[in-house]
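K.L.:
Submitted below is the structure of interest, expressed as structure tokens.
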Amino acid sequence: MFENVLQELRQMNGPQKISIPIHPDKDGYIDKECPDEKCMFQFKVHEEDWKNIFHDDKVFCPMCRHEANSQSWFTTEQINEGKNKVREYLVGKINNAFHEDARNFNARQSRNSFLKLSMKFTGKRGVDYILPMTSKEEMELKIQCKECNARYAVIGSAFFCPNCGHNSAEETFSNTVKKIEIKLNNLETIKDSLLASVGKDDAEITCRSLIESGLNDCVVALQRFCEVSFVKKAPAIKVRFNAFQNIDAGSDYWKQATGQGYSDWITQDEMNMLKILFQKRHLLAHTEGIVDQKYIDNSGDSSYRVGQRIVVRPEDVRTCLNIVTEIVKTLKTKL
């Protein structure tokens, strides 16, 4: 009686491959998600590059550089929607089989029979195809890797190419500059919001921390850019650990590699200011900002006495960012 239903059930009992198409967004990008549960960073890759450039055995997360094969990068939304679509598709096939069996049963009934039986199945008929999944809205920051030309898109920032895993010093520096500017530009908004929710003390502490962290970000941005770029420019020269956190040492290394140092690219006043700001960052990292004699000797800043705590203003961070950006801008022409 239920030949079609039994046949469908037997087929479903064996291995099946059901393909669900994923449509790209209007710019040609498809959604991906880091499979590492600690990260789960969502990004996009260009559909053509995913087919033609990316490797099946190795894809990298643009945020944390987690590595996994190409079948591991479906988003949580895609997995959930895919499960629903497959469930609906299989239920539809069973329903269609019930409808077919009911039709066959009714067709076999004799019109001259004293007892007439009929069968009716009310389940919704299914279709023989699965509709494609649509991509989420496009992401504004689109990047093309300078090493392999793979195109990808993110929200906010990214540090690694998902195809080759390359860490672009320029891209990382650009992301850091953007992060610092966002902090500075939104200080008043953040402060007003915190004043209304947690009070003056917490608002003041939070904003001061954001300002001081911006100074640290400037130092780390220059350090990271120089470390990566110097190895490419002068691989034979061995650089001591954290040398580019020191203005004089970093400048000397570049003079060895290019014949010029920081003092050739920025004014002496900027050089002196950068030394002070880098030394302030050193205090924040190692003494909670409390001035020691070493700070005064290394920075030449006589406006503080030993035991005081340094003050970092938003304009200090902007000044540091501008000078560091000028150095990196010049360095790019030397690489």
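Ligands are numbered from 1 in the order shown, chains are lettered A, B, ... in the order of the structure tokens, and residues start at 1 in each chain.
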Write out as a count of residues only which residues come within 8 Å of Gln279 (chain A) when counting only C-alpha atoms, dropping same-chain ones fewer than 5 positions away.
P.N.:
3
K.L.:
Might you pull out every residue within 9 Å of region 162-171 of chain A, with only C-alpha atoms counted and same-chain residues fewer than 5 positions away left off, and present them as a PDB file with C-alpha atoms, in the first residue's frame?
P.N.:
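Written out: selection_28.pdb:
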ATOM      1  CA  VAL A  45      35.486  36.161   0.616  1.00  0.00           C
ATOM      2  CA  TRP A  50      37.030  31.037  -3.191  1.00  0.00           C
ATOM      3  CA  ILE A  53      42.453  30.795  -5.547  1.00  0.00           C
ATOM      4  CA  PHE A  54      41.656  29.314  -2.136  1.00  0.00           C
ATOM      5  CA  HIS A  55      42.982  25.872  -1.208  1.00  0.00           C
ATOM      6  CA  LYS A  58      43.950  25.283   4.425  1.00  0.00           C
ATOM      7  CA  VAL A  59      42.013  28.492   5.091  1.00  0.00           C
ATOM      8  CA  PHE A  60      42.934  31.098   7.733  1.00  0.00           C
ATOM      9  CA  CYS A  61      40.828  33.320   9.970  1.00  0.00           C
ATOM     10  CA  PRO A  62      41.521  37.002   9.182  1.00  0.00           C
ATOM     11  CA  ARG A  65      44.752  33.053  12.060  1.00  0.00           C
ATOM     12  CA  GLU A  67      43.651  27.234  10.370  1.00  0.00           C
ATOM     13  CA  ILE A 143      40.798  44.073   1.222  1.00  0.00           C
ATOM     14  CA  CYS A 145      45.982  40.564  -0.280  1.00  0.00           C
ATOM     15  CA  LYS A 146      49.212  41.910  -1.758  1.00  0.00           C
ATOM     16  CA  GLU A 147      50.792  38.463  -1.635  1.00  0.00           C
ATOM     17  CA  CYS A 148      48.158  36.250  -3.327  1.00  0.00           C
ATOM     18  CA  ALA A 150      42.691  37.070  -2.713  1.00  0.00           C
ATOM     19  CA  ARG A 151      39.778  39.425  -2.047  1.00  0.00           C
ATOM     20  CA  TYR A 152      37.974  39.446   1.286  1.00  0.00           C
ATOM     21  CA  SER A 157      39.618  45.296  10.881  1.00  0.00           C
ATOM     22  CA  THR A 176      45.631  50.281  14.456  1.00  0.00           C
ATOM     23  CA  ARG A 224      55.107  45.979  14.634  1.00  0.00           C
ATOM     24  CA  PHE A 225      55.407  47.750  11.280  1.00  0.00           C
ATOM     25  CA  CYS A 226      59.158  48.151  11.689  1.00  0.00           C
ATOM     26  CA  GLU A 227      59.762  44.581  12.844  1.00  0.00           C
ATOM     27  CA  VAL A 228      57.950  43.066   9.871  1.00  0.00           C
ATOM     28  CA  SER A 229      59.319  45.531   7.314  1.00  0.00           C
ATOM     29  CA  VAL A 328      55.655  54.881   8.401  1.00  0.00           C
ATOM     30  CA  LYS A 332      56.991  52.701   2.777  1.00  0.00           C
TER      31      LYS A 332
END
K.L.:
Among the residues of region 86-118 of chain A, find those DSSP assigns to helix (DSSP H, G or I) from the backbone and print them as JSON, numbers by chain.
P.N.:
{"A": [86, 87, 88, 89, 90, 91, 92, 93, 94, 95, 96, 97, 98, 99, 100, 101, 102, 103, 104, 105, 106, 107, 108]}
K.L.:
With C-alpha atoms retained, write the just-selected residues as a compact mmCIF listing (two decimals), in the first residue's frame.
P.N.:
# COMPACT_ATOMS: atom_id res chain seq x y z
CA VAL A 86 17.28 19.83 4.33
CA ARG A 87 14.62 18.90 6.88
CA GLU A 88 11.93 20.64 4.83
CA TYR A 89 13.21 18.99 1.64
CA LEU A 90 13.18 15.47 3.12
CA VAL A 91 9.79 15.95 4.77
CA GLY A 92 8.51 17.18 1.42
CA LYS A 93 9.78 14.02 -0.32
CA ILE A 94 7.98 11.83 2.23
CA ASN A 95 4.81 13.89 1.84
CA ASN A 96 4.99 13.56 -1.94
CA ALA A 97 5.34 9.77 -1.55
CA PHE A 98 2.25 9.67 0.69
CA HIS A 99 0.31 11.72 -1.86
CA GLU A 100 1.41 9.36 -4.64
CA ASP A 101 0.48 6.27 -2.62
CA ALA A 102 -2.92 7.74 -1.79
CA ARG A 103 -3.53 8.49 -5.48
CA ASN A 104 -2.50 4.97 -6.50
CA PHE A 105 -4.68 3.41 -3.80
CA ASN A 106 -7.73 5.38 -4.90
CA ALA A 107 -7.11 4.50 -8.55
CA ARG A 108 -7.13 0.79 -7.74
K.L.:
Give me the residues near Leu274 (chain A) as a list in words, where near means some atom within 8 Å (using only C-alpha atoms) and where sequence neighbours in that chain fewer than 5 positions away do not count.
P.N.:
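The residues satisfying every condition are Ile247, Cys320 and Ile323 of chain A.
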K.L.:
Quick one: pull the distance between CA of Pro21 (chain A) and CA of Cys34 (chain A), Å, one decimal.
P.N.:
20.0 Å
K.L.:
With region 205-222 of chain A as the partner and 7 Å as the cut-off, tabulate the residues of region 143-201 of chain A that qualify, each row holding the nearest pair of atoms and their distance in Å to one decimal, using only C-alpha atoms, sorted by chain and rising number, as JSON lines.
P.N.:
{"residue": "A:Phe173", "atom": "CA", "partner": "A:Ala221", "partner_atom": "CA", "distance": 5.6}
{"residue": "A:Thr176", "atom": "CA", "partner": "A:Ala221", "partner_atom": "CA", "distance": 6.4}
{"residue": "A:Ile180", "atom": "CA", "partner": "A:Gly214", "partner_atom": "CA", "distance": 5.5}
{"residue": "A:Lys183", "atom": "CA", "partner": "A:Leu210", "partner_atom": "CA", "distance": 6.7}
{"residue": "A:Leu187", "atom": "CA", "partner": "A:Cys207", "partner_atom": "CA", "distance": 6.5}
{"residue": "A:Lys191", "atom": "CA", "partner": "A:Cys207", "partner_atom": "CA", "distance": 6.6}
{"residue": "A:Asp201", "atom": "CA", "partner": "A:Ile205", "partner_atom": "CA", "distance": 6.2}
K.L.:
Keeping only C-alpha atoms, write those residues as a tab-separated table (two decimals), in the first residue's frame.
P.N.:
chain	number	residue	atom	x	y	z
A	173	PHE	CA	49.24	49.52	10.91
A	176	THR	CA	45.63	50.28	14.46
A	180	ILE	CA	43.14	54.89	17.81
A	183	LYS	CA	38.81	55.92	20.47
A	187	LEU	CA	35.56	59.98	23.90
A	191	LYS	CA	31.81	59.68	28.60
A	201	ASP	CA	34.08	58.10	38.69
K.L.:
Using the chain letters and numbers from this document, which residues of region 66-301 of chain A does DSSP assign to strand (DSSP E), as a list of chain:residue names?
P.N.:
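Matching residues, listed in order: A:Glu67, A:Ala68, A:Leu141, A:Lys142, A:Ile143, A:Gln144, A:Arg151, A:Tyr152, A:Ala153, A:Val154.
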K.L.:
Would you kindly return, as a PDB file with C-alpha atoms, in the first residue's frame, each protein, DNA or RNA residue with an atom no farther than 8 Å from any atom of Gln223 (chain A), considering only C-alpha atoms and excluding same-chain residues fewer than 6 positions away?
P.N.:
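After the write, result.pdb holds the following:
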ATOM      1  CA  ASN A 242      61.799  45.239  21.270  1.00  0.00           C
ATOM      2  CA  PHE A 244      61.722  49.509  17.826  1.00  0.00           C
ATOM      3  CA  GLN A 245      60.073  50.558  21.091  1.00  0.00           C
TER       4      GLN A 245
END
